[in-house]
Each structure stands twice: as structure tokens, then as C-alpha cells.
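Q: One structure, as C-alpha cells, below. Some questions next.
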Amino acid sequence: MISVVVVAALAILALTTQIGVLALQRTYPAQGKAIEVAGASLNVVDIGPRDAAGPPIVLIHGASSNLQVMRQPLGDRLAENRRVILIDRPGHGWSTRARRDDSTPDIQGRMIDEALERLGVSRAILVVHSWSGALGARIALDYPQRVAGLVMLAPVAYPWPGGVGWYNKAITTPVIGPLLAYTITLPLGYFLAEPGARGVFLPQVMPDGFVGNTATALLLRPREFLANARDVVTLKAAVEQQAPRYGDIRVPTVVISGEIDKTVTTNIHSRPFAKAVPNAKLIVLPDVGHMVQNAVPELVISEIEAMIGEIMNGTAAAAAGPSH
């Protein structure tokens, strides 16, 4: 009798989840266009003037989110004068990936490099947040010809003490993970999304309507929740493997972090990274937490613009050749 009740409850939750997925996708339709690459279909939003001076700006979000988290504080404003490309990482938002195990910065970096090639972008400034700090660093290492500059916002770059949240481990466990993802994650997550997002903003206050405005609830779809958990669980080993190479990064690099970031500790990630990368500029902001792009968008934009100016001046000087 108990087993019949359990099976019936799981069936109801699974049905509720599928209805919820359809409702979410109707509420938050895709904003961009699909770019097909090996192993993934990447959703890309390409805005701003195509003929803008300087390299295009590519904005890449972190874990548990999608491109809207970068578009709203930064993307739309930068696109007033610059070409801006926003990408849903493989498996997130409206991007899909063929294999859930394609979770590491090296694999996702290859996919994003291929997408930029298809878009005709020879060199770009990468602006990356949180999880994607490791991704931006990896693209700069593996595809240096593609990267004109690197702006790292509260980046993950090194192994950290301890592990990851228990629920991410549970979701990546065979059988148990998919069972949870396809039954309770969406109904439960619906109630937890708002307080969870609020915690990431601390000590700053989360903007009103943030969860709805950024389509954060798309994360609760089973396929994305499973992909996100895999990204988080495999990240520590990935950064451990790539960290010794950071001294090889030669592009202009700016790192902006909050001193009291409780999500990605500045002393573990940003400070050592800025020390390892030749001539990197480090900006650590007192009283700022993890969501740097929301806390200080003007500062981030001014650093991006300054980098574009330096790159263009350097290009012009190189073109002019030695003076006589």
C-alpha cells in the first residue's frame, strides 16, 4: 500500500513538473537565435551596432542562471555604443547540449569559440561572471587569438576548501538525481528560488522583480537543473587542472570582486588570479558581495570602455609603425 502511494505521488509530481516546464517556456520564450556547434545548440543574443569601433563584447553568465543576468545590468547599456553578444552557456537558458557530461570550461570554451567563429567574430572582449571566470580564463588560454581582453567579475579560478552544496551532489547521483529532477525540483524550487537568489546578492539588496525579470525559474526545468549541477560538481577538478597555466594569459585583464563575497571568496580566487596573470588589474570593492554587475554596473562599464580604448590605441600605434 505504501509503495502504491509513493508511486502515485511521484507520478503526480512528474506530471506537475512537465506542466510547469511548459508554463515556464511559454512565460520566458527564447530571446535570441540558435547557433549550432559540435555537441550543442547555443542561444545567442546579438545586439548593438555591428559597425561599432573596437572588438565586440561577449557577456557570459555563471551557474544557476542565463544570459539575462548579464543583459539587464550591462548588456543593454553597452549595446548603445558597442556590439554586444550574450550567450546562454551550453545546457542553460535556451541553449542545449547533447551530453550532460560536457560540463567543464575546456569543453564549453571550445563550443563558445566555435559559435564566435560562426558569428564572424575574430576577436572579442570576454566579460565573465562567477563560474564563467574559469571559462573565460580557459578560452584565453586555449584560443588566445579569439580574446582581445578579459574582464572577470567575482570569478571562480582556483580550487577551494570543501565541496559543493549537497543538493548538487544528489542531483548528479545516477538514478536518484534524475528522479529528483523530474519530480520535486520544480515544485519545490518554485518556492526556494526567490530566497536563494536574495542570498547571493547579500549584502546588497536584490533588485525588485529580479527572479521574474531574469527568467531564473528556467533553471528548475529538469534538463537544465541536471546540467547546472554537473557544471558545479566538476568545476573544482577543472580549475585545479588549468590554474598552473594562468601565467600564460597575455591579454589585457581586469578582475573586479567584492571584499565580502560569500559565494566566491576573493582571497581564494581573484587575488591569486590577478597575481598570476601578467599585468592584470585587480579592483576589490569593500562592502560588495557576489553580484558585481548589479552592485557597480557603471564601474564595470567604464573598465570595459577603458580596455577598448587601450586596445584600439595599441592597434593604431602598431599600424602606424615606428616613428622616424
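By order of appearance in the C-alpha cells: chains A, B, ..., then residues from 1 within every chain, and ligands from 1 in the order shown.
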Which residues, written as a PDB file with N, CA, C and O atoms, in the first residue's frame, have at least one atom at most 9 Å from Glu114 of chain A, with only C-alpha atoms counted and residues fewer than 3 positions away on the same chain left out?

A:
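That gives us out-v7.pdb:
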```
ATOM      1  N   GLU A  36      24.336  26.502 -34.084  1.00  0.00           N
ATOM      2  CA  GLU A  36      24.668  25.078 -33.930  1.00  0.00           C
ATOM      3  C   GLU A  36      26.190  24.911 -33.907  1.00  0.00           C
ATOM      4  O   GLU A  36      26.892  25.385 -34.808  1.00  0.00           O
ATOM      5  N   VAL A  37      26.684  24.254 -32.866  1.00  0.00           N
ATOM      6  CA  VAL A  37      28.109  23.922 -32.760  1.00  0.00           C
ATOM      7  C   VAL A  37      28.213  22.439 -32.432  1.00  0.00           C
ATOM      8  O   VAL A  37      27.210  21.789 -32.135  1.00  0.00           O
ATOM      9  N   ALA A  38      29.422  21.892 -32.476  1.00  0.00           N
ATOM     10  CA  ALA A  38      29.597  20.466 -32.186  1.00  0.00           C
ATOM     11  C   ALA A  38      29.181  20.181 -30.744  1.00  0.00           C
ATOM     12  O   ALA A  38      29.772  20.707 -29.803  1.00  0.00           O
ATOM     13  N   GLY A 109      34.285  26.079 -23.505  1.00  0.00           N
ATOM     14  CA  GLY A 109      35.102  27.072 -24.187  1.00  0.00           C
ATOM     15  C   GLY A 109      35.239  26.773 -25.671  1.00  0.00           C
ATOM     16  O   GLY A 109      35.160  27.684 -26.512  1.00  0.00           O
ATOM     17  N   ARG A 110      35.416  25.495 -25.994  1.00  0.00           N
ATOM     18  CA  ARG A 110      35.503  25.095 -27.412  1.00  0.00           C
ATOM     19  C   ARG A 110      34.202  25.397 -28.129  1.00  0.00           C
ATOM     20  O   ARG A 110      34.190  25.895 -29.268  1.00  0.00           O
ATOM     21  N   MET A 111      33.069  25.141 -27.471  1.00  0.00           N
ATOM     22  CA  MET A 111      31.764  25.411 -28.081  1.00  0.00           C
ATOM     23  C   MET A 111      31.565  26.909 -28.325  1.00  0.00           C
ATOM     24  O   MET A 111      31.077  27.327 -29.380  1.00  0.00           O
ATOM     25  N   GLU A 117      33.194  32.032 -34.000  1.00  0.00           N
ATOM     26  CA  GLU A 117      33.678  31.865 -35.374  1.00  0.00           C
ATOM     27  C   GLU A 117      32.510  31.916 -36.358  1.00  0.00           C
ATOM     28  O   GLU A 117      32.579  32.598 -37.393  1.00  0.00           O
ATOM     29  N   ARG A 118      31.417  31.248 -36.020  1.00  0.00           N
ATOM     30  CA  ARG A 118      30.236  31.235 -36.899  1.00  0.00           C
ATOM     31  C   ARG A 118      29.595  32.618 -37.006  1.00  0.00           C
ATOM     32  O   ARG A 118      28.972  32.938 -38.021  1.00  0.00           O
ATOM     33  N   LEU A 119      29.746  33.417 -35.959  1.00  0.00           N
ATOM     34  CA  LEU A 119      29.205  34.782 -35.970  1.00  0.00           C
ATOM     35  C   LEU A 119      30.148  35.776 -36.652  1.00  0.00           C
ATOM     36  O   LEU A 119      29.825  36.957 -36.759  1.00  0.00           O
TER      37      LEU A 119
END
```

Q: Using only C-alpha atoms, determine which residues lie at most 9 Å from Pro222 of chain A, disregarding the query and same-chain residues fewer than 6 positions distant; provide the list as a PyMOL selection string.

A: chain A and resi 17+21+178+180-183+185-186

Q: Using the selection just defined, write its residues with C-alpha atoms as a PDB file, in the first residue's frame.

A:
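Just written: result-v9.pdb:
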```pdb
ATOM      1  CA  THR A  17       6.837  19.147 -13.416  1.00  0.00           C
ATOM      2  CA  VAL A  21       8.110  23.207 -17.781  1.00  0.00           C
ATOM      3  CA  PRO A 178      17.122  12.337 -12.449  1.00  0.00           C
ATOM      4  CA  LEU A 180      14.593  14.213  -8.039  1.00  0.00           C
ATOM      5  CA  ALA A 181      14.983  16.491 -11.058  1.00  0.00           C
ATOM      6  CA  TYR A 182      11.888  15.134 -12.813  1.00  0.00           C
ATOM      7  CA  THR A 183       9.651  15.140  -9.719  1.00  0.00           C
ATOM      8  CA  THR A 185      12.877  20.052  -8.067  1.00  0.00           C
ATOM      9  CA  LEU A 186      10.482  22.299  -9.945  1.00  0.00           C
TER      10      LEU A 186
END
```

Q: Need the shell around Ile311 of chain A: protein/DNA/RNA residues with any atom at most 9 Å away, counting only C-alpha atoms. Skip same-chain ones fewer than 5 positions apart. Format as a VMD selection string?

A: chain A and resid 54 to 55 148 to 149 252 306 316

Q: Please provide the set of residues having any atom within 10 Å of Arg230 of chain A, restricted to only C-alpha atoms, with same-chain residues fewer than 5 positions apart removed, written as a PyMOL selection string.

A: chain A and resi 100-104+168-169+171-173+224-225+235

Q: Create the file for the chosen residues now, containing all heavy atoms and written as a tab-separated table (two decimals), in the first residue's frame.

A:
```
chain	number	residue	atom	x	y	z
A	100	ARG	N	25.26	15.64	-21.05
A	100	ARG	CA	25.29	16.33	-19.76
A	100	ARG	C	26.72	16.45	-19.24
A	100	ARG	O	27.07	17.39	-18.53
A	100	ARG	CB	24.42	15.56	-18.76
A	100	ARG	CG	23.99	16.39	-17.56
A	100	ARG	CD	23.01	15.61	-16.71
A	100	ARG	NE	21.78	15.35	-17.44
A	100	ARG	CZ	21.07	14.24	-17.33
A	100	ARG	NH1	21.44	13.27	-16.54
A	100	ARG	NH2	19.96	14.09	-18.04
A	101	ASP	N	27.58	15.50	-19.58
A	101	ASP	CA	28.96	15.50	-19.09
A	101	ASP	C	29.83	16.57	-19.73
A	101	ASP	O	30.97	16.75	-19.32
A	101	ASP	CB	29.60	14.11	-19.30
A	101	ASP	CG	29.06	13.08	-18.32
A	101	ASP	OD1	28.36	13.47	-17.36
A	101	ASP	OD2	29.34	11.89	-18.51
A	102	ASP	N	29.31	17.27	-20.73
A	102	ASP	CA	30.07	18.37	-21.34
A	102	ASP	C	29.95	19.61	-20.45
A	102	ASP	O	29.37	20.63	-20.81
A	102	ASP	CB	29.57	18.66	-22.76
A	102	ASP	CG	30.02	17.59	-23.74
A	102	ASP	OD1	30.87	16.77	-23.37
A	102	ASP	OD2	29.51	17.58	-24.88
A	103	SER	N	30.53	19.47	-19.25
A	103	SER	CA	30.27	20.44	-18.17
A	103	SER	C	31.46	21.31	-17.84
A	103	SER	O	31.33	22.24	-17.05
A	103	SER	CB	29.86	19.67	-16.90
A	103	SER	OG	30.90	18.77	-16.53
A	104	THR	N	32.61	21.06	-18.43
A	104	THR	CA	33.83	21.71	-17.97
A	104	THR	C	34.19	22.93	-18.82
A	104	THR	O	33.77	23.05	-19.98
A	104	THR	CB	35.01	20.71	-17.99
A	104	THR	OG1	35.06	20.11	-19.29
A	104	THR	CG2	34.82	19.63	-16.93
A	168	ASN	N	23.50	19.61	-5.13
A	168	ASN	CA	24.18	19.41	-6.42
A	168	ASN	C	24.78	18.01	-6.51
A	168	ASN	O	24.73	17.37	-7.55
A	168	ASN	CB	25.26	20.47	-6.62
A	168	ASN	CG	24.68	21.80	-7.06
A	168	ASN	OD1	23.83	21.85	-7.93
A	168	ASN	ND2	25.12	22.88	-6.44
A	169	LYS	N	25.35	17.54	-5.40
A	169	LYS	CA	25.87	16.17	-5.38
A	169	LYS	C	24.75	15.16	-5.58
A	169	LYS	O	24.89	14.19	-6.32
A	169	LYS	CB	26.60	15.90	-4.05
A	169	LYS	CG	28.02	16.41	-4.02
A	169	LYS	CD	28.75	15.84	-2.82
A	169	LYS	CE	30.24	16.19	-2.90
A	169	LYS	NZ	30.94	15.85	-1.67
A	171	ILE	N	21.88	15.60	-7.08
A	171	ILE	CA	21.33	15.66	-8.43
A	171	ILE	C	22.25	14.98	-9.45
A	171	ILE	O	21.80	14.50	-10.49
A	171	ILE	CB	21.06	17.13	-8.82
A	171	ILE	CG1	19.88	17.68	-8.01
A	171	ILE	CG2	20.80	17.30	-10.30
A	171	ILE	CD1	18.54	17.07	-8.34
A	172	THR	N	23.56	14.91	-9.16
A	172	THR	CA	24.48	14.25	-10.09
A	172	THR	C	24.64	12.76	-9.78
A	172	THR	O	25.40	12.07	-10.46
A	172	THR	CB	25.87	14.92	-10.07
A	172	THR	OG1	26.36	14.94	-8.73
A	172	THR	CG2	25.80	16.33	-10.61
A	173	THR	N	23.93	12.25	-8.79
A	173	THR	CA	23.98	10.82	-8.46
A	173	THR	C	23.10	10.05	-9.44
A	173	THR	O	21.94	10.43	-9.66
A	173	THR	CB	23.48	10.58	-7.02
A	173	THR	OG1	24.26	11.37	-6.13
A	173	THR	CG2	23.59	9.12	-6.64
A	224	GLU	N	17.93	21.37	-17.44
A	224	GLU	CA	18.86	22.44	-17.07
A	224	GLU	C	19.37	22.25	-15.64
A	224	GLU	O	20.54	22.49	-15.36
A	224	GLU	CB	18.20	23.82	-17.21
A	224	GLU	CG	19.17	24.95	-16.89
A	224	GLU	CD	18.65	26.34	-17.20
A	224	GLU	OE1	17.59	26.46	-17.86
A	224	GLU	OE2	19.31	27.31	-16.80
A	225	PHE	N	18.49	21.81	-14.74
A	225	PHE	CA	18.92	21.60	-13.36
A	225	PHE	C	20.00	20.52	-13.29
A	225	PHE	O	21.00	20.67	-12.56
A	225	PHE	CB	17.72	21.20	-12.49
A	225	PHE	CG	17.91	21.49	-11.04
A	225	PHE	CD1	17.69	22.76	-10.54
A	225	PHE	CD2	18.33	20.50	-10.17
A	225	PHE	CE1	17.88	23.05	-9.19
A	225	PHE	CE2	18.52	20.77	-8.82
A	225	PHE	CZ	18.29	22.04	-8.33
A	235	LEU	N	33.55	21.44	-11.44
A	235	LEU	CA	34.36	22.65	-11.61
A	235	LEU	C	35.66	22.62	-10.81
A	235	LEU	O	36.70	23.08	-11.30
A	235	LEU	CB	33.53	23.88	-11.22
A	235	LEU	CG	34.23	25.23	-11.40
A	235	LEU	CD1	34.64	25.45	-12.86
A	235	LEU	CD2	33.33	26.38	-10.93
```

Q: To one decimal place in Å, what is the distance between atom CA of Val156 of chain A and atom CA of Asp88 of chain A?

A: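 Interatomic distance, atom CA of Val156 of chain A to atom CA of Asp88 of chain A: 18.1 Å.
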
Q: Enumerate as a list in words all residues of segment 57-108 of chain A assigned to helix (DSSP H, G or I) by DSSP on the backbone, naming them with the chain letters and numbers the document uses.

A: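 Written out, the helix (DSSP H, G or I) residues of segment 57-108 of chain A are Gln68, Val69, Met70, Arg71, Gln72, Pro73, Leu74, Gly75, Asp76, Arg77, Leu78, Pro105, Asp106, Ile107 and Gln108 of chain A.
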
Q: Quick one: which segment 175-261 of chain A residues come within 8 Å of segment 291-297 of chain A, and what is the nearest atom pair for each with the distance in Å to one decimal, counting only C-alpha atoms, rows ordered by chain and ascending number, as a Markdown table?

A:
```
| residue | atom | partner | partner_atom | distance |
| --- | --- | --- | --- | --- |
| A:Val200 | CA | A:Met291 | CA | 7.1 |
| A:Phe201 | CA | A:Met291 | CA | 5.7 |
| A:Gln204 | CA | A:Ala295 | CA | 7.0 |
| A:Ile256 | CA | A:Val292 | CA | 7.4 |
| A:Ser257 | CA | A:Val292 | CA | 6.6 |
| A:Gly258 | CA | A:Val292 | CA | 6.9 |
```

Q: In Å, with one decimal, what is the gap from atom CA of Asn228 of chain A to atom CA of Arg97 of chain A?

A: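 Separating atom CA of Asn228 of chain A from atom CA of Arg97 of chain A is a distance of 11.5 Å.
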
Q: Please list as a VMD selection string every residue within 9 Å of Val45 of chain A, counting only C-alpha atoms and excluding residues in the same chain fewer than 2 positions away.

A: chain A and resid 31 to 33 43 47 67 84 to 88

Q: Quick one: write out the picked residues with all heavy atoms as a short mmCIF file (atom, residue, chain, number, x, y, z; two decimals), in the first residue's frame?

A:
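Output contents, as saved in part-v5.cif:
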```cif
data_model
loop_
_atom_site.label_atom_id
_atom_site.label_comp_id
_atom_site.auth_asym_id
_atom_site.auth_seq_id
_atom_site.Cartn_x
_atom_site.Cartn_y
_atom_site.Cartn_z
N GLN A 31 14.90 34.50 -26.46
CA GLN A 31 15.09 35.88 -26.94
C GLN A 31 16.07 35.95 -28.11
O GLN A 31 16.12 36.96 -28.79
CB GLN A 31 15.63 36.74 -25.79
CG GLN A 31 14.72 36.81 -24.58
CD GLN A 31 13.43 37.56 -24.86
OE1 GLN A 31 13.45 38.65 -25.41
NE2 GLN A 31 12.30 36.97 -24.50
N GLY A 32 16.89 34.92 -28.31
CA GLY A 32 17.95 35.01 -29.30
C GLY A 32 17.77 34.08 -30.48
O GLY A 32 16.66 33.66 -30.79
N LYS A 33 18.90 33.77 -31.11
CA LYS A 33 18.88 32.82 -32.23
C LYS A 33 19.79 31.66 -31.89
O LYS A 33 20.74 31.80 -31.11
CB LYS A 33 19.34 33.51 -33.52
CG LYS A 33 20.77 34.04 -33.48
CD LYS A 33 21.15 34.69 -34.81
CE LYS A 33 22.56 35.25 -34.75
NZ LYS A 33 22.96 35.92 -35.99
N ASN A 43 22.07 29.41 -27.63
CA ASN A 43 21.19 30.56 -27.80
C ASN A 43 22.02 31.84 -27.64
O ASN A 43 22.66 32.04 -26.61
CB ASN A 43 20.07 30.52 -26.76
CG ASN A 43 19.11 31.68 -26.92
OD1 ASN A 43 18.57 31.89 -27.99
ND2 ASN A 43 18.91 32.44 -25.85
N ILE A 47 23.32 42.13 -30.09
CA ILE A 47 22.69 43.45 -30.10
C ILE A 47 23.75 44.55 -30.26
O ILE A 47 24.94 44.31 -30.13
CB ILE A 47 21.86 43.69 -28.82
CG1 ILE A 47 22.68 43.41 -27.55
CG2 ILE A 47 20.60 42.85 -28.83
CD1 ILE A 47 21.94 43.68 -26.25
N LEU A 67 21.52 34.19 -19.77
CA LEU A 67 22.11 35.42 -20.29
C LEU A 67 21.43 36.69 -19.78
O LEU A 67 22.03 37.77 -19.79
CB LEU A 67 22.15 35.40 -21.82
CG LEU A 67 20.85 35.29 -22.64
CD1 LEU A 67 20.09 36.60 -22.72
CD2 LEU A 67 21.18 34.80 -24.06
N VAL A 84 27.33 43.85 -28.78
CA VAL A 84 27.31 43.02 -27.58
C VAL A 84 26.71 41.66 -27.92
O VAL A 84 25.63 41.58 -28.53
CB VAL A 84 26.49 43.69 -26.45
CG1 VAL A 84 26.32 42.75 -25.26
CG2 VAL A 84 27.15 45.00 -26.01
N ILE A 85 27.41 40.61 -27.52
CA ILE A 85 26.94 39.24 -27.77
C ILE A 85 26.74 38.56 -26.42
O ILE A 85 27.68 38.46 -25.62
CB ILE A 85 27.95 38.47 -28.63
CG1 ILE A 85 28.07 39.12 -30.01
CG2 ILE A 85 27.55 37.00 -28.75
CD1 ILE A 85 29.27 38.68 -30.82
N LEU A 86 25.51 38.13 -26.15
CA LEU A 86 25.20 37.41 -24.92
C LEU A 86 24.93 35.96 -25.26
O LEU A 86 24.24 35.66 -26.25
CB LEU A 86 23.98 38.02 -24.23
CG LEU A 86 24.13 39.49 -23.82
CD1 LEU A 86 23.17 40.36 -24.61
CD2 LEU A 86 23.91 39.66 -22.32
N ILE A 87 25.46 35.06 -24.47
CA ILE A 87 25.35 33.63 -24.76
C ILE A 87 24.79 32.89 -23.55
O ILE A 87 25.29 33.06 -22.43
CB ILE A 87 26.73 33.04 -25.13
CG1 ILE A 87 27.32 33.77 -26.34
CG2 ILE A 87 26.62 31.54 -25.41
CD1 ILE A 87 28.73 33.32 -26.71
N ASP A 88 23.75 32.09 -23.78
CA ASP A 88 23.35 31.10 -22.77
C ASP A 88 24.37 29.96 -22.83
O ASP A 88 24.54 29.34 -23.90
CB ASP A 88 21.96 30.53 -23.08
CG ASP A 88 20.82 31.42 -22.64
OD1 ASP A 88 20.99 32.16 -21.66
OD2 ASP A 88 19.74 31.36 -23.27
#
```
